[in-house]
Each structure stands twice: as structure tokens, then as C-alpha cells.
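> Okay, handing you the structure first.
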Amino acid sequence: MGLSQQIAQYIITGLTIGAIYAIVAMGFNIIHNATGIVNFAQCEFISLGGMFVYTLVVLLNVPMILSFFVSLAGVALIGAAIERWPIRYARSKEIIILIFLTIGLSGTIRGTAQQIWGTDNVGVPAFSGENPIHLAGGAVILPQHVWVFGITILVMLALHHFFKNTILGKAMRAAAVNRRAAALVGISVNRMILVSFALSGALGAVAGMIIAPISTTSYDTGIMLGLKGFAAAILGGYGSFPGAILGGIMLGVLESLGAGLVSSQYKDATAFLVLLLVLFVKPTGIMGYGESERV
Amino acid sequence: MENQKGYREKKMAYDRSGKDVYYFGALLLIIVFIPVFVKSKYYLIVLNIIGLNTIVVVGLNLLVGFAGQISLGHAAFYGLGSYFSGILTMNYGCPQWPAMALAMLATGAIAYLIGYPALKLRGHYLVMATLGFGIIINILMGELEYFTGGHDGMIGIPPLSIGGLKFDNDLKNFYLIWTFVFFCMLVARNLLDSRVGRALRAIHGSEVAADSLGVNTASYKVKVFVLSAMFASVSGSLYAHYITFISPSTYDFYYSIQVVTMVIVGGMGSLWGSLFGAAVLSFISEALHVAKQYHIIAYGVFLSLILIFLPEGVLVSIHHFYQNRKLKKLIATEESSL
């Protein structure tokens, strides 16, 4: 395999993982825009997505397509539940307390998952076969990679449509821009926040489910993927949706090229090194515009 | 109502300035006499771990409680202290105490580099920077084998000594570590009672107001961040010389979460709360050591419940409860005497 072929291969891998980061970053952004907090439980949504689909498909023999949507709905419900009870009933609404609370909830969910599924890595079958597809450049691509790209694009288009064209999406944007004004025109801000958490849960679940057949899954796969998705969100500009996509893809490709061409030992460090450099050079990220302070 | 508030403020101001002397005295007595009662080697080790954690937590609480900033990378500063001490003494034959001081200075300098860009901005940039930094440092500990011994870690770090006194057992280390705890708490307490402390409290109250009154908020936040990193570094050095073995897994992301939990359990911005939080949670951690699989869930549930119901922390909540009761009695007697 020549160098150009290798590079093509690295880029394909990078784009795949980048697509996952982009979806996760989107989840971080939606909750940030709605509440101003960093939701560390996002990491757990990814693990849960993977473990749910594993339980349904492998352990219970439910068809993949049904499992996909059941898991999606299940994690979305969990996302909504952590907003509806712990976060809404928290006695202090200080941002710093709520961020710590999401760390606590994240531990609670991860610990519970560990009790249920144990600590082993488990495999999930690919959505449609394992026969590699040979591309023109000589690079090889698995059908699952195509699923990842396809579903990611679909998710992005659906989100775009949701926020641009539906009443609920517009109401969520309004509540994100100005809570009081939104409440004045009759939008229930609390309900918008609830929907944001459900939506983030669903996004995390999608990311966890589509990557599971490629990289296997376990109760804590979400931590690294989630934290890197977080880095992608910062890289793109925290809160910006196009930024999340750009940040995710850039991070994925950089990481894959770095691991392939330089050294694979530092693969996990790449994403965070990029994050630190961005904070040094342009803290608002590539597509970000200033810091919006929320109270 | 007016009256009640006035009482309460006076009462709190009084509590803050007056009683600390007694508390520190009591702490000193406890430190001196605990080994008389605690004979078991195991409990001495637990007490030493509590002491080491307390130093980190006191420093972190300065940052969280007074500058209102989150760090998810304190494991890295703790680890830098350990590894600088370990590398300097073992690979370069540097004497222990200078190595410890160098480690502290180097860690402080690194914290300055991380904190300066992140803290210039408003918002929660520091949490991102420290999170990334913590993970990078943890990876480097494992990969820079030439310096750090890789994932196997470093074995045989020499213990600290003063003159002929070598701190080579648990009891001697108990006195050494808790002397450091005592002085770190004293430093933190005096700092908070000074101009710097008032500035930090003003920042926590309202950054805009503090700024407009001429407090250089960014500079204060960076300074307190550097100081808290140095506390962690000192504790890390003490750990390395006490345990004499270090490996990357001690300094992972979970440790950062653990110390953050200790800050919250004790109460953000509460000095004695830091000691309380570190003691309670280190003890629980040790107790759960046999059942490691319950570690994550225990920490998660504990952290969540406290943040939902007692966001000021356990110790501070208890304190407020008693204060309110005393206050009500005080008001009742005043009213009856009128």
C-alpha cells in the first residue's frame, strides 16, 4: 500500500470518527445554548446508546432497525429524566453547581451501567454486512462507515430542519436567545430545556450506536468519545452548530493522521492538544463569535 | 426581619475572625495526639491519605469557592508534583527538599501558562483547558518511558529527611504530612482574611462589580489558580516520597473528579469544609476499596444528592442550621426582655 493510499485510508477513518465527534459536539451545544451549562452526562448518553443496542440486538435478538429506534427513545427519555428531576429540583441554580451536578449524574449513570453490564467490551453486529468496499483511490471502506456518514448527514439535515422550520425548534432558539422574552411570548422555557436534554440524549445515543459495530462498546466508551466531542465543540466555537460539524471533522481527521503518520501512542492526546492550542490562539473557536454570558 | 439580618451578619463576621484560633488550636492538638490512639498501621495510612488529599482540596477550594472557577485537571498538578520529585531525585540525584521546591515552582509556572489564556476570558474556559491538560499529562506519564518509567511507574523514590531524621515509616510521615496540612490551611486562612481574600470574595459575588471597583479580576483568578496548583504539587511530592512508588493510574481523570467531590461535600469556599470533605470521602474510598466496582456509583450518587439538596456542602449546611437556631433564641430573648 502506497503512502497516498495510506493517507486516503487515514482520512476515511478520520472522517468516520469525526462524524461521531460532530454529533456529540452538537449535543453539548444544544444544552449549552438552552442552559449555559456544560453537560458532562453527554458522555453517558453515548455509552448507553451502545449498550442498549447491544442488549436488544445481541442478547434479545430484536431486529436492528427496531432496536435502533427503541434505544434512541430510551436514551432520550433518560436525558429528559435527568433534567426533569435532578437538575430541575436542584436547590441552587448557579451554573457552577449545575455543571458539577452533571458530573455527579454522569457518575451515577456510569456506575449503574457498570453494575448492569459489567466492564467487558462487547461487539455489536454491523448494520449491513462486513464486506469491504474498494474505492477508486485504493482505499477500503466498510459498509458501516457508509452508515456512519449517511446517518450523520441525515441527523444534521434533520436538526437543521427542526431548528429552522418547526415551531418547537424556533421556540427553543428563542428561549436560548432570551429566556425572559421567550417566556413573555408564551414559550415554556422549562419545557424547552427539557426538550434540549431529550434531544442531546438522542444525539448521544445515535453516536454511540453507529460507532459500536466499528469500535465495540462498553459501559464507559462514552467518556473518551464524549470528552473529544466536547473538544470538537470548543474547536468549532462553543454553541455554534456549523462549528460543531467543522470542529468534529477537523479533530477526527487530525487525530487519525497524527496516529497513522506520527505516533499512535499519543492518539488520545492529539484532540486535547488541539483544544489547548485553540484556547491559546482563538478561544472563541473557529466559528464562534464572542462569549455569550447566561444567567 | 431587618434586625434578624443585622444579627446574622454580625454573627458571621464574628465567627469568621474569632473562632479560627480555637479551631486551629484544636486541629494542632488532634494532630499531636491522634497517633497515641491510632495504633493500627492501616488507619495511619488512611489518615496520611486524608492529609494529602486535604492539601489538594484546600488549594482547589480556593479556586472553586473563591474564584468561582472549575478545574477538572488537579490530578495533573498533583501528578506533576509527584513526577518532578521522583524524576529529579531518582534520575538526576537532586536532593529531596530542593526537588520538592523545584517541582512546586515548575508546576506553578505550568499552571500559569494554562490559566493565563483561559482566565482572561469570562465563562467556563478553565474547565476545558484543565480537562484537556489533565488528560494530556496522564498520557505523557505513561508514554515518556525514558523519564517516567512508563505505565510501570517509578519504584524506590527516596523518603524525605531532616538532618538525621528519615521519614521512612507511616508514623513519621503522619507528622510530616499533617504539619504540611496545618500550614497549608493556615496560609489559606490568612490569605482569605487579607486584601487578596476580600478581592476574591468580591469576584465571586459579582465579577462586574469587582471589576468596576478596580479589582483586577483576571489577574487575581490566575494567581489563585497558580496557588492551588502549587498546593496540589506539594501534596504530590509528599505522596511520592511517602509511598516511594508512583504510576500514571493514580493521577487519572477520576482523581480530579474525586477532589472536586471533596470540595463540594465540604462546602465550596469553606476552609474547614475542605478538611471535612477530604476526610469523609477519603475514608469512604478506602472503605470501598474492597468493593471497587461500587466506587463510581457511590461517588456519583453522593455528589448528585449533595448538589441537589445541600449545594452549600454538608459542613456549611450544618453550621447554618445551628446558627439559625441560635439566632432565633437570641431574638426571642431580646424580644422578651423588651
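Labeling convention for the C-alpha cells: chains A, B, ... as they appear, residues from 1 per chain, ligands from 1 in order of appearance.
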Per residue of chain A within 8 Å of chain B, record the nearest atom pair and its distance in Å to one decimal, counting only C-alpha atoms, with rows in chain order and ascending residue number, as a tab-separated table.

```
residue	atom	partner	partner_atom	distance
A:Pro86	CA	B:Ile308	CA	6.5
A:Ile87	CA	B:Ile308	CA	7.5
A:Tyr89	CA	B:Ile308	CA	6.7
A:Ala90	CA	B:Ile308	CA	4.1
A:Arg91	CA	B:Ile308	CA	5.7
A:Ser92	CA	B:Pro311	CA	6.2
A:Ile96	CA	B:Gly68	CA	7.3
A:Ile97	CA	B:Leu307	CA	6.8
A:Leu98	CA	B:Leu307	CA	7.9
A:Phe100	CA	B:Leu307	CA	7.7
A:Leu101	CA	B:Ser304	CA	5.5
A:Thr102	CA	B:Ser304	CA	7.9
A:Ile103	CA	B:Gly300	CA	7.5
A:Gly104	CA	B:Gly300	CA	4.4
A:Leu105	CA	B:Ser304	CA	5.9
A:Ser106	CA	B:Gly300	CA	6.9
A:Gly107	CA	B:Gly300	CA	4.1
A:Thr108	CA	B:Gly300	CA	4.2
A:Ile109	CA	B:Ile297	CA	7.5
A:Arg110	CA	B:Ile297	CA	7.0
A:Gly111	CA	B:Ile297	CA	3.9
A:Thr112	CA	B:Ile297	CA	6.3
A:Gln114	CA	B:Gln293	CA	7.7
A:Gln115	CA	B:Gln293	CA	7.6
A:Ala231	CA	B:Met128	CA	7.7
A:Gln265	CA	B:Glu143	CA	7.1
A:Tyr266	CA	B:Ile139	CA	7.3
A:Asp268	CA	B:Ile139	CA	7.9
A:Ala269	CA	B:Ile136	CA	5.1
A:Phe272	CA	B:Gly132	CA	4.7
A:Leu273	CA	B:Gly132	CA	7.1
A:Leu275	CA	B:Gly132	CA	6.9
A:Leu276	CA	B:Ala129	CA	5.9
A:Leu279	CA	B:Ala118	CA	6.6
A:Phe280	CA	B:Pro117	CA	5.7
A:Pro283	CA	B:Ala118	CA	7.8
A:Glu291	CA	B:Gly123	CA	7.2
A:Glu293	CA	B:Gly123	CA	6.8
```
> Need the shell around segment 203-213 of chain A: protein/DNA/RNA residues with any atom at most 6 Å away, counting only C-alpha atoms. Skip same-chain ones fewer than 2 positions apart. Format as a list of chain:residue names?
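Neighbouring residues, sequence-local ones excluded: A:Ile20, A:Val24, A:Gly27, A:Phe45, A:Ile46, A:Ser47, A:Gly49, A:Gly50, A:Leu72, A:Val124, A:Pro125, A:Ala126, A:Val148, A:Ser200, A:Gly201, A:Ser215, A:Thr216, A:Thr217.
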> Separation of atom CA of Ile7 of chain A and atom CA of Leu135 of chain A, in Å?
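Result for atom CA of Ile7 of chain A versus atom CA of Leu135 of chain A: 13.3 Å, one decimal.
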> If DSSP is run on the backbone, what residues of segment 123-243 of chain B are strand (DSSP E)? A reply as a PyMOL selection string would be ideal.
chain B and resi 154-155+161-162+165-166
> Could you take the residues named above and write them with N, CA and C atoms, as a PDB file, in the first residue's frame?

```pdb
ATOM      1  N   MET B 154       7.514   4.520  38.672  1.00  0.00           N
ATOM      2  CA  MET B 154       8.848   4.626  39.268  1.00  0.00           C
ATOM      3  C   MET B 154       8.815   3.979  40.647  1.00  0.00           C
ATOM      4  N   ILE B 155       9.836   3.176  40.903  1.00  0.00           N
ATOM      5  CA  ILE B 155       9.899   2.475  42.184  1.00  0.00           C
ATOM      6  C   ILE B 155      11.140   2.946  42.941  1.00  0.00           C
ATOM      7  N   SER B 161      13.994  13.649  54.437  1.00  0.00           N
ATOM      8  CA  SER B 161      14.654  13.595  55.736  1.00  0.00           C
ATOM      9  C   SER B 161      15.073  14.987  56.153  1.00  0.00           C
ATOM     10  N   ILE B 162      15.082  15.199  57.476  1.00  0.00           N
ATOM     11  CA  ILE B 162      15.618  16.445  58.023  1.00  0.00           C
ATOM     12  C   ILE B 162      16.772  16.060  58.917  1.00  0.00           C
ATOM     13  N   LEU B 165      16.914  12.705  60.668  1.00  0.00           N
ATOM     14  CA  LEU B 165      15.585  12.112  60.780  1.00  0.00           C
ATOM     15  C   LEU B 165      15.038  11.759  59.406  1.00  0.00           C
ATOM     16  N   LYS B 166      14.862  10.454  59.203  1.00  0.00           N
ATOM     17  CA  LYS B 166      14.369   9.996  57.911  1.00  0.00           C
ATOM     18  C   LYS B 166      12.892   9.662  58.025  1.00  0.00           C
TER      19      LYS B 166
END
```
> Need to verify the contact set: Phe197 of chain A, 9 Å, only C-alpha atoms, exclusion of same-chain residues closer than 6 positions in sequence. Can you return it as number ranges by chain?
A: 27, 30-31, 76-83
> Determine the nearest neighbour of Leu271 of chain B from the options B:Phe147, B:Phe182, B:Tyr42, B:Tyr251, counting only C-alpha atoms.
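Closest to Leu271 of chain B of all the choices is B:Phe182.
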> May I have the residues within 7 Å of Ser218 of chain A as a list in words, using only C-alpha atoms and disregarding those fewer than 5 positions away in the same chain?
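So the residues in contact are Ser47, Met51, Thr119, Asp120, Asn121 and Val122 of chain A.
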> For those residues, write N, CA and C atoms to a file as a tab-separated table (two decimals), in the first residue's frame.

```tsv
chain	number	residue	atom	x	y	z
A	47	SER	N	-22.43	5.96	25.76
A	47	SER	CA	-22.28	4.58	26.24
A	47	SER	C	-23.62	3.88	26.27
A	51	MET	N	-24.78	0.39	24.61
A	51	MET	CA	-25.15	-0.76	25.43
A	51	MET	C	-26.60	-1.17	25.21
A	119	THR	N	-17.88	-4.86	33.00
A	119	THR	CA	-16.88	-3.96	32.43
A	119	THR	C	-16.32	-4.43	31.10
A	120	ASP	N	-16.85	-5.54	30.56
A	120	ASP	CA	-16.27	-6.06	29.32
A	120	ASP	C	-16.65	-5.22	28.11
A	121	ASN	N	-15.73	-5.23	27.13
A	121	ASN	CA	-16.06	-4.66	25.84
A	121	ASN	C	-16.89	-5.68	25.07
A	122	VAL	N	-17.98	-5.22	24.47
A	122	VAL	CA	-18.80	-6.16	23.71
A	122	VAL	C	-18.97	-5.65	22.28
```
